[in-house]
Amino acid sequence: MPVAPRTRIRLKSHAGLSGGDRIGYVAPPGHSAVVRTDFDHASGELVQVWSKTPPTDGTDWVVVWWPGNHWTWERESDLEFVDTDPNTT
């Protein structure tokens with residue numbers, strides 16, 4: 001089932017944990033997200049690897065924006081839908 005952009009979600013595994021539920025927003029189709037973190041031997045630092053392609057095959061992946069400007073790929077089955085923002089502009 002396609003998820004509408006700007007849908008507010010939370011990870012099912014985090015629901016009810018102390019510190020409040022972590023709420024994120026589904027990104028528009030075609031948005032990239034972090035798929036992994038690698039060590040850059042040239043700089044000696046950790047770097048994030050971004051992709052517009054989900055980390056594994058399947059059509060049940062969506063990009064989610066989390067507070068702190070973090071973008072991740074999440075499976076729809078791992079998400080609990082809170083509501084959809086009616087203002088899509």
# chains A, B, ... in the order shown; residues from 1 in each chain; ligands from 1

$ residues_around --residues "range 76-80 of chain A" --least-positions-apart "5" --cutoff "7 Å" --atoms "only C-alpha atoms" --output "list in words"
Ile9, Arg10, Leu11, Lys12, Asp60, Trp61 and Val62 of chain A

$ write_last_selection --atoms "C-alpha atoms" --output "PDB file, in the first residue's frame"
ATOM      1  CA  ILE A   9       4.413   7.949  11.589  1.00  0.00           C
ATOM      2  CA  ARG A  10       6.246   6.289  14.455  1.00  0.00           C
ATOM      3  CA  LEU A  11       8.228   3.065  14.523  1.00  0.00           C
ATOM      4  CA  LYS A  12       6.161   0.300  16.132  1.00  0.00           C
ATOM      5  CA  ASP A  60       7.270  -1.792   0.928  1.00  0.00           C
ATOM      6  CA  TRP A  61      10.009   0.770   1.703  1.00  0.00           C
ATOM      7  CA  VAL A  62       9.478   4.496   2.331  1.00  0.00           C
TER       8      VAL A  62
END

$ residues_around --residues "Val26 in chain A" --least-positions-apart "5" --cutoff "7 Å" --atoms "only C-alpha atoms" --output "ChimeraX atom specification"
/A:5-8,62-65

$ write_last_selection --atoms "C-alpha atoms" --output "PDB file, in the first residue's frame"
ATOM      1  CA  PRO A   5       3.821  11.995   1.592  1.00  0.00           C
ATOM      2  CA  ARG A   6       3.706  13.991   4.830  1.00  0.00           C
ATOM      3  CA  THR A   7       2.067  11.110   6.718  1.00  0.00           C
ATOM      4  CA  ARG A   8       3.106  11.293  10.371  1.00  0.00           C
ATOM      5  CA  VAL A  62       9.478   4.496   2.331  1.00  0.00           C
ATOM      6  CA  VAL A  63      11.872   7.325   3.178  1.00  0.00           C
ATOM      7  CA  VAL A  64      11.158   8.893   6.576  1.00  0.00           C
ATOM      8  CA  TRP A  65      12.363  12.274   7.859  1.00  0.00           C
TER       9      TRP A  65
END

$ closest_residue --among "A:Trp71, A:Ala33, A:Phe81, A:Val3" --to "Lys52 in chain A" --atoms "only C-alpha atoms"
A:Ala33

$ select_by_dssp --residues "chain A" --states "strand (DSSP E or B)" --output "number ranges by chain"
A: 7-11, 23-26, 33-40, 45-51, 61-66, 70-75, 79-84

$ residues_around --residues "Gln48 in chain A" --least-positions-apart "6" --cutoff "10 Å" --atoms "only C-alpha atoms" --output "CSV table (one decimal) with C-alpha atoms, in the first residue's frame"
chain,number,residue,atom,x,y,z
A,33,ALA,CA,18.0,8.5,2.4
A,34,VAL,CA,20.9,7.0,4.3
A,35,VAL,CA,21.4,3.3,3.5
A,36,ARG,CA,24.6,2.8,5.6
A,37,THR,CA,27.5,4.4,7.3
A,38,ASP,CA,31.1,3.6,6.0
A,39,PHE,CA,34.6,4.5,7.2
A,40,ASP,CA,36.4,6.9,4.8

$ closest_residue --among "A:Pro67, A:Pro54, A:Ala27, A:Arg22" --to "Ala4 in chain A" --atoms "only C-alpha atoms"
A:Ala27

$ closest_residue --among "A:Ser32, A:Gly24, A:Glu74, A:Val82" --to "Thr59 in chain A" --atoms "only C-alpha atoms"
A:Glu74
